[in-house]
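*Asks:* Structure below; questions to follow.
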Amino acid sequence: KFDLRTFVFVRSFYPLEAYLHTHHYARLANKPYDTNQLTNNEIVLTVNAYNEDEEIANRQMRIYQDDLAFELSNEYNNFDYELMFDNLIDMMSELFIGLSKSIGSWPNSSAYYAIDVMFDTENVNSSPNFIPQSKLLEINFMGDWEAARLGSKSEDIYNQWVEDLITCLCTTETPNTNRHIRLQENWRQFRLDYRK
(Lines give C-alpha, C1' and ligand atoms only; values in the text may rest on other atoms or scores of the structure.)
Protein backbone atom coordinates (compact mmCIF):
# COMPACT_ATOMS: atom_id res chain seq x y z
CA LYS A 1 0.00 0.00 0.00
CA PHE A 2 1.36 3.44 -0.90
CA ASP A 3 0.45 7.06 -1.38
CA LEU A 4 2.13 9.58 -3.65
CA ARG A 5 3.59 12.85 -2.35
CA THR A 6 3.46 15.60 -4.98
CA PHE A 7 4.28 19.31 -4.87
CA VAL A 8 2.44 22.30 -6.31
CA PHE A 9 4.06 25.75 -6.41
CA VAL A 10 1.52 28.60 -6.55
CA ARG A 11 2.60 32.06 -7.67
CA SER A 12 -0.93 33.47 -7.72
CA PHE A 13 -4.44 32.16 -7.19
CA TYR A 14 -6.17 34.81 -9.28
CA PRO A 15 -5.21 34.85 -11.98
CA LEU A 16 -4.14 31.28 -11.37
CA GLU A 17 -0.46 30.57 -11.88
CA ALA A 18 0.32 27.21 -10.31
CA TYR A 19 2.76 24.46 -11.26
CA LEU A 20 2.89 20.79 -10.43
CA HIS A 21 6.55 19.92 -9.95
CA THR A 22 7.54 16.65 -11.60
CA HIS A 23 9.48 15.55 -8.49
CA HIS A 24 7.27 13.13 -6.59
CA TYR A 25 7.70 9.94 -4.61
CA ALA A 26 5.71 7.14 -3.05
CA ARG A 27 5.50 6.46 0.67
CA LEU A 28 4.88 2.83 1.53
CA ALA A 29 3.20 1.31 4.54
CA ASN A 30 5.82 -0.32 6.73
CA LYS A 31 4.24 -3.76 6.36
CA PRO A 32 2.37 -5.52 3.52
CA TYR A 33 -1.34 -4.75 3.32
CA ASP A 34 -3.55 -7.34 5.03
CA THR A 35 -7.31 -6.89 5.46
CA ASN A 36 -7.17 -9.17 8.51
CA GLN A 37 -4.92 -6.71 10.39
CA LEU A 38 -6.57 -3.34 9.87
CA THR A 39 -5.83 -2.23 13.44
CA ASN A 40 -2.06 -2.34 12.83
CA ASN A 41 -0.99 1.19 11.83
CA GLU A 42 2.15 -0.05 10.10
CA ILE A 43 -0.11 -1.96 7.70
CA VAL A 44 -2.85 0.63 7.28
CA LEU A 45 -0.93 3.94 7.26
CA THR A 46 1.39 4.97 4.46
CA VAL A 47 2.94 7.72 6.59
CA ASN A 48 4.85 6.36 9.55
CA ALA A 49 7.77 8.82 9.39
CA TYR A 50 6.23 10.96 12.14
CA ASN A 51 5.54 8.11 14.54
CA GLU A 52 6.63 8.77 18.13
CA ASP A 53 8.43 5.42 18.12
CA GLU A 54 11.69 6.24 16.33
CA GLU A 55 12.19 2.61 15.25
CA ILE A 56 8.81 2.65 13.45
CA ALA A 57 9.49 6.11 11.99
CA ASN A 58 12.87 5.03 10.61
CA ARG A 59 11.28 2.12 8.73
CA GLN A 60 9.28 4.53 6.54
CA MET A 61 10.09 3.48 2.98
CA ARG A 62 9.99 5.87 0.05
CA ILE A 63 10.27 5.04 -3.63
CA TYR A 64 11.37 7.69 -6.10
CA GLN A 65 9.21 8.25 -9.19
CA ASP A 66 11.34 6.34 -11.74
CA ASP A 67 11.65 3.32 -9.47
CA LEU A 68 7.93 3.48 -8.70
CA ALA A 69 7.04 3.43 -12.40
CA PHE A 70 9.29 0.40 -12.86
CA GLU A 71 7.84 -1.47 -9.87
CA LEU A 72 4.22 -0.79 -10.88
CA SER A 73 4.93 -1.87 -14.46
CA ASN A 74 6.28 -5.16 -13.13
CA GLU A 75 3.27 -5.69 -10.86
CA TYR A 76 0.46 -4.80 -13.28
CA ASN A 77 0.06 -5.88 -16.89
CA ASN A 78 -0.35 -3.00 -19.36
CA PHE A 79 0.34 -0.45 -16.63
CA ASP A 80 0.71 3.10 -18.03
CA TYR A 81 2.51 5.38 -15.57
CA GLU A 82 2.50 8.35 -17.94
CA LEU A 83 -1.28 8.25 -18.34
CA MET A 84 -1.70 7.78 -14.60
CA PHE A 85 0.41 10.90 -14.07
CA ASP A 86 -1.58 12.77 -16.75
CA ASN A 87 -4.78 11.92 -14.86
CA LEU A 88 -3.14 13.25 -11.71
CA ILE A 89 -2.38 16.52 -13.52
CA ASP A 90 -6.03 16.70 -14.63
CA MET A 91 -7.16 16.29 -11.02
CA MET A 92 -4.69 18.92 -9.74
CA SER A 93 -5.71 21.36 -12.49
CA GLU A 94 -9.40 21.00 -11.61
CA LEU A 95 -8.61 21.41 -7.90
CA PHE A 96 -6.55 24.58 -8.26
CA ILE A 97 -8.85 26.14 -10.86
CA GLY A 98 -11.71 25.64 -8.40
CA LEU A 99 -9.65 27.03 -5.51
CA SER A 100 -8.64 30.10 -7.52
CA LYS A 101 -12.27 31.05 -8.03
CA SER A 102 -13.02 30.94 -4.30
CA ILE A 103 -9.75 32.43 -2.98
CA GLY A 104 -9.65 35.39 -5.35
CA SER A 105 -6.91 37.95 -5.80
CA TRP A 106 -4.34 38.18 -3.02
CA PRO A 107 -1.08 39.77 -4.16
CA ASN A 108 1.03 37.84 -1.64
CA SER A 109 -0.64 34.46 -1.97
CA SER A 110 2.34 32.52 -3.30
CA ALA A 111 3.05 29.27 -1.49
CA TYR A 112 3.82 25.67 -2.09
CA TYR A 113 1.68 22.70 -1.20
CA ALA A 114 2.60 19.09 -0.51
CA ILE A 115 -0.31 17.07 -1.84
CA ASP A 116 -0.88 13.40 -1.10
CA VAL A 117 -2.87 11.11 -3.36
CA MET A 118 -3.71 7.43 -3.54
CA PHE A 119 -4.75 5.46 -6.58
CA ASP A 120 -7.87 3.39 -7.04
CA THR A 121 -6.97 0.11 -8.73
CA GLU A 122 -10.44 -1.46 -8.48
CA ASN A 123 -12.43 1.01 -10.54
CA VAL A 124 -10.05 1.56 -13.43
CA ASN A 125 -11.18 2.43 -16.93
CA SER A 126 -11.74 -0.21 -19.60
CA SER A 127 -8.97 0.89 -21.97
CA PRO A 128 -6.32 -1.64 -22.97
CA ASN A 129 -3.92 0.03 -20.51
CA PHE A 130 -4.12 -0.29 -16.74
CA ILE A 131 -4.50 3.30 -15.45
CA PRO A 132 -5.36 3.71 -11.75
CA GLN A 133 -7.47 6.77 -10.91
CA SER A 134 -6.01 9.35 -8.52
CA LYS A 135 -7.85 10.15 -5.28
CA LEU A 136 -7.00 13.22 -3.23
CA LEU A 137 -5.97 12.44 0.36
CA GLU A 138 -4.53 15.58 1.87
CA ILE A 139 -3.21 19.06 1.07
CA ASN A 140 -0.42 20.40 3.28
CA PHE A 141 0.36 24.11 3.21
CA MET A 142 4.15 24.56 3.03
CA GLY A 143 4.87 20.83 3.42
CA ASP A 144 7.82 19.27 5.23
CA TRP A 145 11.18 20.01 3.51
CA GLU A 146 12.91 17.16 5.31
CA ALA A 147 10.38 14.73 3.86
CA ALA A 148 11.08 16.15 0.39
CA ARG A 149 14.80 15.57 0.95
CA LEU A 150 14.22 12.02 2.15
CA GLY A 151 11.95 11.34 -0.84
CA SER A 152 14.65 12.42 -3.30
CA LYS A 153 16.76 9.80 -5.00
CA SER A 154 19.86 11.97 -4.61
CA GLU A 155 21.00 15.19 -2.98
CA ASP A 156 21.25 16.75 -6.46
CA ILE A 157 17.55 16.07 -7.12
CA TYR A 158 16.62 17.59 -3.78
CA ASN A 159 18.82 20.65 -4.39
CA GLN A 160 17.19 21.10 -7.81
CA TRP A 161 13.75 20.92 -6.17
CA VAL A 162 14.76 23.62 -3.66
CA GLU A 163 16.18 25.82 -6.42
CA ASP A 164 12.99 25.37 -8.47
CA LEU A 165 10.83 26.20 -5.46
CA ILE A 166 12.74 29.41 -4.73
CA THR A 167 12.83 30.41 -8.40
CA CYS A 168 9.11 29.83 -8.80
CA LEU A 169 7.99 31.59 -5.62
CA CYS A 170 10.59 34.34 -5.25
CA THR A 171 11.33 35.48 -8.81
CA THR A 172 9.45 36.26 -12.00
CA GLU A 173 11.56 33.83 -14.05
CA THR A 174 9.65 31.34 -16.18
CA PRO A 175 9.76 27.92 -14.46
CA ASN A 176 11.63 25.13 -16.22
CA THR A 177 9.01 23.35 -18.37
CA ASN A 178 10.84 20.02 -18.03
CA ARG A 179 10.17 20.03 -14.28
CA HIS A 180 6.99 22.14 -13.94
CA ILE A 181 3.57 21.46 -15.45
CA ARG A 182 1.32 24.50 -15.40
CA LEU A 183 -2.07 23.71 -13.88
CA GLN A 184 -4.72 25.15 -16.16
CA GLU A 185 -7.70 24.15 -18.24
CA ASN A 186 -6.67 22.17 -21.32
CA TRP A 187 -3.12 21.92 -19.96
CA ARG A 188 -2.31 19.17 -22.44
CA GLN A 189 -2.57 21.67 -25.31
CA PHE A 190 -0.10 24.09 -23.71
CA ARG A 191 2.56 21.95 -22.10
CA LEU A 192 5.95 21.15 -23.52
CA ASP A 193 7.00 17.53 -23.29
CA TYR A 194 8.16 17.24 -19.68
CA ARG A 195 9.13 13.59 -20.22
CA LYS A 196 12.31 14.40 -22.16
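Chain identifiers are assigned as A, B, and so on, following the order in which chains appear in the C-alpha coordinates; residues are numbered from 1 within each chain, and ligands are numbered from 1 in order of appearance.
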Could you list, as an MDAnalysis selection string, every residue within 8 Å of segment 145-151 of chain A, counting only C-alpha atoms and ignoring same-chain residues fewer than 3 positions away?
*Replies:* chainID A and resid 24:26 62:64 155 158
*Asks:* Would you please give, as a PyMOL selection string, all residues of segment 23-122 of chain A that DSSP assigns to strand (DSSP E or B) based on the backbone?
*Replies:* chain A and resi 23-28+61-64+79+111-120
*Asks:* I'd like the interatomic distance between atom CA of Asp67 of chain A and atom CA of Thr167 of chain A, to a tenth of an Å.
*Replies:*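 So the two atoms, atom CA of Asp67 of chain A and atom CA of Thr167 of chain A, lie 27.1 Å apart.
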*Asks:* Using DSSP on the backbone coordinates, identify all residues within segment 1-187 of chain A classified as alpha helix (DSSP H); present the result as a PyMOL selection string.
*Replies:* chain A and resi 41-44+54-58+65-75+81-103+145-150+155-170+187
